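Everything on this sheet refers to the single structure shown next.
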Amino acid sequence: MSKRVTSAARYMLALNDCRVFDRHQRHATFVVGQYLCTTCGASFYCPGCTLSIPKNARARLCPEHHAEQEARDEQARRHRHEQQQQSSQPSIQKGVPS
């Protein structure tokens, strides 16, 4: 197999990842908070980094803000889990005859 065919096959697989699975090869641009997919050319911006929304860009969190959001989500899951455990425990009332 020639190197040219291999490169074309890799490009088609990467393009498939973009279109089907929404997995892009995002790379930062010279503007803070804006990213560009080197495979399909789609543009993205991080709502946490920039206040201006570029034309035809999709919102995606940058790695820093994504990690912060994951931490908040995990904390919320723990809190809900604790609340569910507390509500599922039978309450014991003192002084109430059975």
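Just remember, in the structure tokens the first chain shown is A, the second B, etc., residues are 1-based per chain, and ligands are 1-based in the order shown.
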
*So which bits of chain A end up helix (DSSP H, G or I) when you DSSP the backbone, as an MDAnalysis selection string?*
chainID A and resid 3:21 63:88

Assign secondary structure with DSSP using the backbone only, and return the residues of chain A in strand (DSSP E) as a PDB file with N, CA, C and O atoms, in the first residue's frame.
```pdb
ATOM      1  N   ARG A  26      -9.636  19.232  17.475  1.00  0.00           N
ATOM      2  CA  ARG A  26      -9.671  20.668  17.730  1.00  0.00           C
ATOM      3  C   ARG A  26      -8.285  21.202  18.051  1.00  0.00           C
ATOM      4  O   ARG A  26      -7.562  20.628  18.849  1.00  0.00           O
ATOM      5  N   HIS A  27      -7.971  22.312  17.429  1.00  0.00           N
ATOM      6  CA  HIS A  27      -6.706  22.995  17.674  1.00  0.00           C
ATOM      7  C   HIS A  27      -6.993  24.464  17.914  1.00  0.00           C
ATOM      8  O   HIS A  27      -7.847  25.054  17.255  1.00  0.00           O
ATOM      9  N   ALA A  28      -6.271  25.046  18.856  1.00  0.00           N
ATOM     10  CA  ALA A  28      -6.473  26.449  19.203  1.00  0.00           C
ATOM     11  C   ALA A  28      -6.085  27.352  18.044  1.00  0.00           C
ATOM     12  O   ALA A  28      -5.195  27.042  17.258  1.00  0.00           O
ATOM     13  N   GLN A  34     -11.227  30.166  20.936  1.00  0.00           N
ATOM     14  CA  GLN A  34     -11.729  29.680  19.653  1.00  0.00           C
ATOM     15  C   GLN A  34     -10.841  28.553  19.153  1.00  0.00           C
ATOM     16  O   GLN A  34      -9.624  28.599  19.286  1.00  0.00           O
ATOM     17  N   TYR A  35     -11.496  27.533  18.579  1.00  0.00           N
ATOM     18  CA  TYR A  35     -10.802  26.337  18.112  1.00  0.00           C
ATOM     19  C   TYR A  35     -11.279  25.996  16.717  1.00  0.00           C
ATOM     20  O   TYR A  35     -12.373  26.356  16.316  1.00  0.00           O
ATOM     21  N   LEU A  36     -10.450  25.249  15.995  1.00  0.00           N
ATOM     22  CA  LEU A  36     -10.758  24.844  14.635  1.00  0.00           C
ATOM     23  C   LEU A  36     -10.437  23.369  14.479  1.00  0.00           C
ATOM     24  O   LEU A  36      -9.400  22.904  14.945  1.00  0.00           O
ATOM     25  N   CYS A  37     -11.327  22.605  13.850  1.00  0.00           N
ATOM     26  CA  CYS A  37     -11.061  21.196  13.558  1.00  0.00           C
ATOM     27  C   CYS A  37     -10.184  21.131  12.314  1.00  0.00           C
ATOM     28  O   CYS A  37     -10.565  21.642  11.254  1.00  0.00           O
ATOM     29  N   SER A  43     -15.648  25.158  13.210  1.00  0.00           N
ATOM     30  CA  SER A  43     -15.115  26.072  14.214  1.00  0.00           C
ATOM     31  C   SER A  43     -15.916  25.940  15.506  1.00  0.00           C
ATOM     32  O   SER A  43     -17.119  25.693  15.496  1.00  0.00           O
ATOM     33  N   PHE A  44     -15.221  26.104  16.614  1.00  0.00           N
ATOM     34  CA  PHE A  44     -15.791  25.961  17.947  1.00  0.00           C
ATOM     35  C   PHE A  44     -15.344  27.135  18.806  1.00  0.00           C
ATOM     36  O   PHE A  44     -14.337  27.772  18.521  1.00  0.00           O
ATOM     37  N   TYR A  45     -16.100  27.390  19.860  1.00  0.00           N
ATOM     38  CA  TYR A  45     -15.682  28.387  20.833  1.00  0.00           C
ATOM     39  C   TYR A  45     -16.043  27.901  22.227  1.00  0.00           C
ATOM     40  O   TYR A  45     -16.955  27.105  22.405  1.00  0.00           O
ATOM     41  N   ARG A  58     -19.679  26.386  16.922  1.00  0.00           N
ATOM     42  CA  ARG A  58     -20.417  25.581  17.888  1.00  0.00           C
ATOM     43  C   ARG A  58     -19.783  25.739  19.260  1.00  0.00           C
ATOM     44  O   ARG A  58     -18.573  25.865  19.382  1.00  0.00           O
ATOM     45  N   ALA A  59     -20.617  25.721  20.280  1.00  0.00           N
ATOM     46  CA  ALA A  59     -20.120  25.855  21.654  1.00  0.00           C
ATOM     47  C   ALA A  59     -19.562  24.519  22.136  1.00  0.00           C
ATOM     48  O   ALA A  59     -20.231  23.493  22.072  1.00  0.00           O
TER      49      ALA A  59
END
```

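Among the candidate residues A:Gln75, A:Thr50, A:Thr39, A:Gln84, the one lying nearest to Leu13 of chain A is A:Thr39, with distances computed using only C-alpha atoms.
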
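Minimum distance to Cys49 of chain A across A:Ala71, A:Gln89, A:Gly33, A:Cys62 (counting only C-alpha atoms) occurs at A:Gly33.
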
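Considering the residues A:Thr6, A:Thr29, A:Gly48, A:Asp17 and counting only C-alpha atoms, Gln69 of chain A has its shortest atom-to-atom contact with A:Gly48.
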
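Take atom CA of Pro47 of chain A and atom CA of Glu70 of chain A: the distance between them is 15.3 Å.
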
_Report, in Å with one decimal, the straight-line distance from atom CA of His65 of chain A to atom CA of Ala42 of chain A._
19.9 Å
